[in-house]
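Data block below; observations after.
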Amino acid sequence: MNALAARLHAALPQTQCTRCGYPDCAGYAQAMAAGEAGINQCPPGGAEGITRLAELTGQPSLPLNPANGLEGPRAVAVIDEGWCIGCTLCIAACPTDAILGSNKFMHTVIEPYCTGCELCIPVCPVDCISLENVTADRTGWQAWSQAQADEALERYQFRASRIARDEREETERLGDLNPGRRSPAR
């Protein structure tokens, strides 16, 4: 990541919501630094976030692009445990490992770790996840602190490294089960 992309990434709220059109905040920051994305595509950062990005890029501040969503209060996911079937799809979708549970057991959200990204909602086959406003009228950076953004990024990065480790271990395990199989050329 180049220096501008790193500064832009640090200015984002780290919700990893994908509403900007990129797979994560780092991808969005890199696209902005490359001139491939506008500075007004982050609903969780809101107007203040756009101002921060404008200052870093030297671009004029713009209104939030409505195609990416609206600025609103921060919410956290809540699982109706009476309806949860324990499918684990929400766990797989959560970018910060804020959902706890296991297969065929009810799940629950660890509220301080939830970024309100909403990625768990569309994957739930029984619609047992809703959002609860936790910041009243405060939106954007008024509803989210730098400390929360830092923790969300740390949790996201830990999750990514855990997934990569699990995939490596699975590949090694499958290789051990099939010793005659040739590994792909690198």
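Please note that chains go A, B, ... in the order of the structure tokens, that every chain numbers its residues from 1, and that ligands are numbered from 1 in the order shown.
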message = To test your reading of the structure, identify every residue in range 85-153 of chain A that backbone DSSP assigns to strand (DSSP E or B), and report it as a list in words.
response = Ile99, Leu100, Thr108, Val109, Ile129, Ser130, Leu131, Glu132, Asn133 and Thr139 of chain A
Keeping only C-alpha atoms, write the selected residues as a PDB file, in the first residue's frame.
```
ATOM      1  CA  ILE A  99     -20.864 -13.136  16.230  1.00  0.00           C
ATOM      2  CA  LEU A 100     -20.431 -16.067  18.557  1.00  0.00           C
ATOM      3  CA  THR A 108     -25.293 -14.029  19.648  1.00  0.00           C
ATOM      4  CA  VAL A 109     -23.590 -10.742  18.789  1.00  0.00           C
ATOM      5  CA  ILE A 129     -31.077 -10.526  12.620  1.00  0.00           C
ATOM      6  CA  SER A 130     -32.084  -6.914  13.046  1.00  0.00           C
ATOM      7  CA  LEU A 131     -30.228  -3.683  13.656  1.00  0.00           C
ATOM      8  CA  GLU A 132     -30.493  -1.632  16.809  1.00  0.00           C
ATOM      9  CA  ASN A 133     -29.587   2.066  16.790  1.00  0.00           C
ATOM     10  CA  THR A 139     -23.984   9.765  12.738  1.00  0.00           C
TER      11      THR A 139
END
```
query = Excluding same-chain residues fewer than 6 positions from Ala147 in chain A, what lies within 12 Å of it counting only C-alpha atoms, as a PyMOL selection string?
reply = chain A and resi 10+13-14+112-113+141+153-154
Residues just named, written with N, CA and C atoms as a short mmCIF file (atom, residue, chain, number, x, y, z; two decimals), in the first residue's frame:
```cif
data_model
loop_
_atom_site.label_atom_id
_atom_site.label_comp_id
_atom_site.auth_asym_id
_atom_site.auth_seq_id
_atom_site.Cartn_x
_atom_site.Cartn_y
_atom_site.Cartn_z
N ALA A 10 -6.22 4.93 7.01
CA ALA A 10 -6.25 5.31 8.42
C ALA A 10 -7.40 6.28 8.72
N PRO A 13 -13.47 4.59 8.76
CA PRO A 13 -13.97 4.07 10.04
C PRO A 13 -13.76 2.57 10.26
N GLN A 14 -13.28 1.86 9.27
CA GLN A 14 -12.93 0.44 9.40
C GLN A 14 -14.13 -0.47 9.71
N PRO A 112 -19.76 -4.89 21.55
CA PRO A 112 -18.65 -3.95 21.35
C PRO A 112 -17.82 -4.23 20.09
N TYR A 113 -17.91 -5.42 19.54
CA TYR A 113 -17.13 -5.78 18.36
C TYR A 113 -17.90 -5.58 17.06
N TRP A 141 -18.67 10.08 12.00
CA TRP A 141 -17.61 10.07 13.02
C TRP A 141 -18.11 10.58 14.37
N LEU A 153 -10.34 -2.55 12.96
CA LEU A 153 -9.28 -2.93 12.02
C LEU A 153 -8.46 -4.08 12.56
N GLU A 154 -8.11 -4.01 13.83
CA GLU A 154 -7.33 -5.08 14.45
C GLU A 154 -8.08 -6.42 14.39
#
```
message = Run DSSP on the backbone and tell me which residues of range 2-55 of chain A come out as alpha helix (DSSP H); list them as a ChimeraX atom specification.
response = /A:3-10,25-33,46-55
Residues of the last selection are to be written out with C-alpha atoms, as a PDB file, in the first residue's frame.
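Saved as again_18.pdb:
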```pdb
ATOM      1  CA  ALA A   3       1.748   6.267   1.454  1.00  0.00           C
ATOM      2  CA  LEU A   4      -1.406   8.065   0.267  1.00  0.00           C
ATOM      3  CA  ALA A   5      -3.431   4.853   0.386  1.00  0.00           C
ATOM      4  CA  ALA A   6      -2.155   4.207   3.923  1.00  0.00           C
ATOM      5  CA  ARG A   7      -3.220   7.707   5.063  1.00  0.00           C
ATOM      6  CA  LEU A   8      -6.632   7.314   3.413  1.00  0.00           C
ATOM      7  CA  HIS A   9      -7.041   3.886   4.982  1.00  0.00           C
ATOM      8  CA  ALA A  10      -6.252   5.313   8.424  1.00  0.00           C
ATOM      9  CA  CYS A  25     -11.599  -0.389   3.703  1.00  0.00           C
ATOM     10  CA  ALA A  26      -8.068  -1.081   2.438  1.00  0.00           C
ATOM     11  CA  GLY A  27      -9.368  -1.825  -1.052  1.00  0.00           C
ATOM     12  CA  TYR A  28     -11.349   1.418  -1.049  1.00  0.00           C
ATOM     13  CA  ALA A  29      -8.320   3.394   0.156  1.00  0.00           C
ATOM     14  CA  GLN A  30      -6.147   1.932  -2.595  1.00  0.00           C
ATOM     15  CA  ALA A  31      -8.808   2.737  -5.212  1.00  0.00           C
ATOM     16  CA  MET A  32      -9.038   6.332  -3.987  1.00  0.00           C
ATOM     17  CA  ALA A  33      -5.249   6.695  -4.034  1.00  0.00           C
ATOM     18  CA  GLY A  46     -20.435  10.343   6.587  1.00  0.00           C
ATOM     19  CA  ALA A  47     -19.865  14.009   5.826  1.00  0.00           C
ATOM     20  CA  GLU A  48     -17.022  14.329   8.331  1.00  0.00           C
ATOM     21  CA  GLY A  49     -15.302  11.315   6.785  1.00  0.00           C
ATOM     22  CA  ILE A  50     -15.587  12.861   3.332  1.00  0.00           C
ATOM     23  CA  THR A  51     -14.045  16.069   4.683  1.00  0.00           C
ATOM     24  CA  ARG A  52     -11.136  14.064   6.131  1.00  0.00           C
ATOM     25  CA  LEU A  53     -10.588  12.300   2.797  1.00  0.00           C
ATOM     26  CA  ALA A  54     -10.849  15.596   0.891  1.00  0.00           C
ATOM     27  CA  GLU A  55      -8.114  17.127   3.067  1.00  0.00           C
TER      28      GLU A  55
END
```
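Remark: for Ala77 in chain A, the closest of the candidate residues A:Leu62, A:Val126, A:Ala143, A:Cys90 is A:Cys90 (distances computed over only C-alpha atoms).
Between CA of Thr135 in chain A and CA of Val123 in chain A the separation is 24.9 Å.
Closest approach to Thr88 in chain A from the set A:Leu174, A:Leu56, A:Met106, A:Ala149 is made by A:Met106, with distances taken over only C-alpha atoms.
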ask   = Any idea what the distance is between CA of Asp150 in chain A and CA of Ala93 in chain A?
value = 20.0 Å
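Nearest-residue note for Cys17 in chain A: choosing from A:Glu167, A:Asp97, A:Asp137, A:Glu118, the minimum distance belongs to A:Glu118, counting only C-alpha atoms.
Between Cys128 in chain A and the candidates A:Glu36, A:Glu151, A:Asp80, A:Glu172, the tightest atom-to-atom separation, counting only C-alpha atoms, involves A:Asp80.
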ask   = Which residues come within 12 Å of Ala67 in chain A, counting only C-alpha atoms, excluding same-chain residues fewer than 3 positions away, as an MDAnalysis selection string?
value = chainID A and resid 19:21 38 40:43 63:64 70:71
Based on the selection just made, write C-alpha atoms of those residues as a PDB file, in the first residue's frame.
```pdb
ATOM      1  CA  ARG A  19     -20.957  -0.195   0.845  1.00  0.00           C
ATOM      2  CA  CYS A  20     -18.200   1.749  -0.907  1.00  0.00           C
ATOM      3  CA  GLY A  21     -18.152  -0.933  -3.598  1.00  0.00           C
ATOM      4  CA  GLY A  38     -14.433   8.965  -5.286  1.00  0.00           C
ATOM      5  CA  ASN A  40     -17.642  10.228  -1.155  1.00  0.00           C
ATOM      6  CA  GLN A  41     -18.431   6.508  -1.080  1.00  0.00           C
ATOM      7  CA  CYS A  42     -18.271   5.721   2.676  1.00  0.00           C
ATOM      8  CA  PRO A  43     -21.656   6.041   4.429  1.00  0.00           C
ATOM      9  CA  PRO A  63     -21.895  15.114  -0.707  1.00  0.00           C
ATOM     10  CA  LEU A  64     -22.111  11.402   0.040  1.00  0.00           C
ATOM     11  CA  LEU A  70     -27.016   7.143   3.468  1.00  0.00           C
ATOM     12  CA  GLU A  71     -25.240   8.484   6.521  1.00  0.00           C
TER      13      GLU A  71
END
```
task = Find the residues near Cys117 in chain A: any atom within 8 Å, counting only C-alpha atoms, skip ones fewer than 6 places away on the same chain, and give them as a ChimeraX atom specification.
result = /A:15-18
message = With only C-alpha atoms as the counted atoms, please give the residues lying no more than 8 Å from Phe105 in chain A, apart from itself and same-chain residues fewer than 4 positions off, as an NGL selection string.
response = :A and (84-86 or 101)
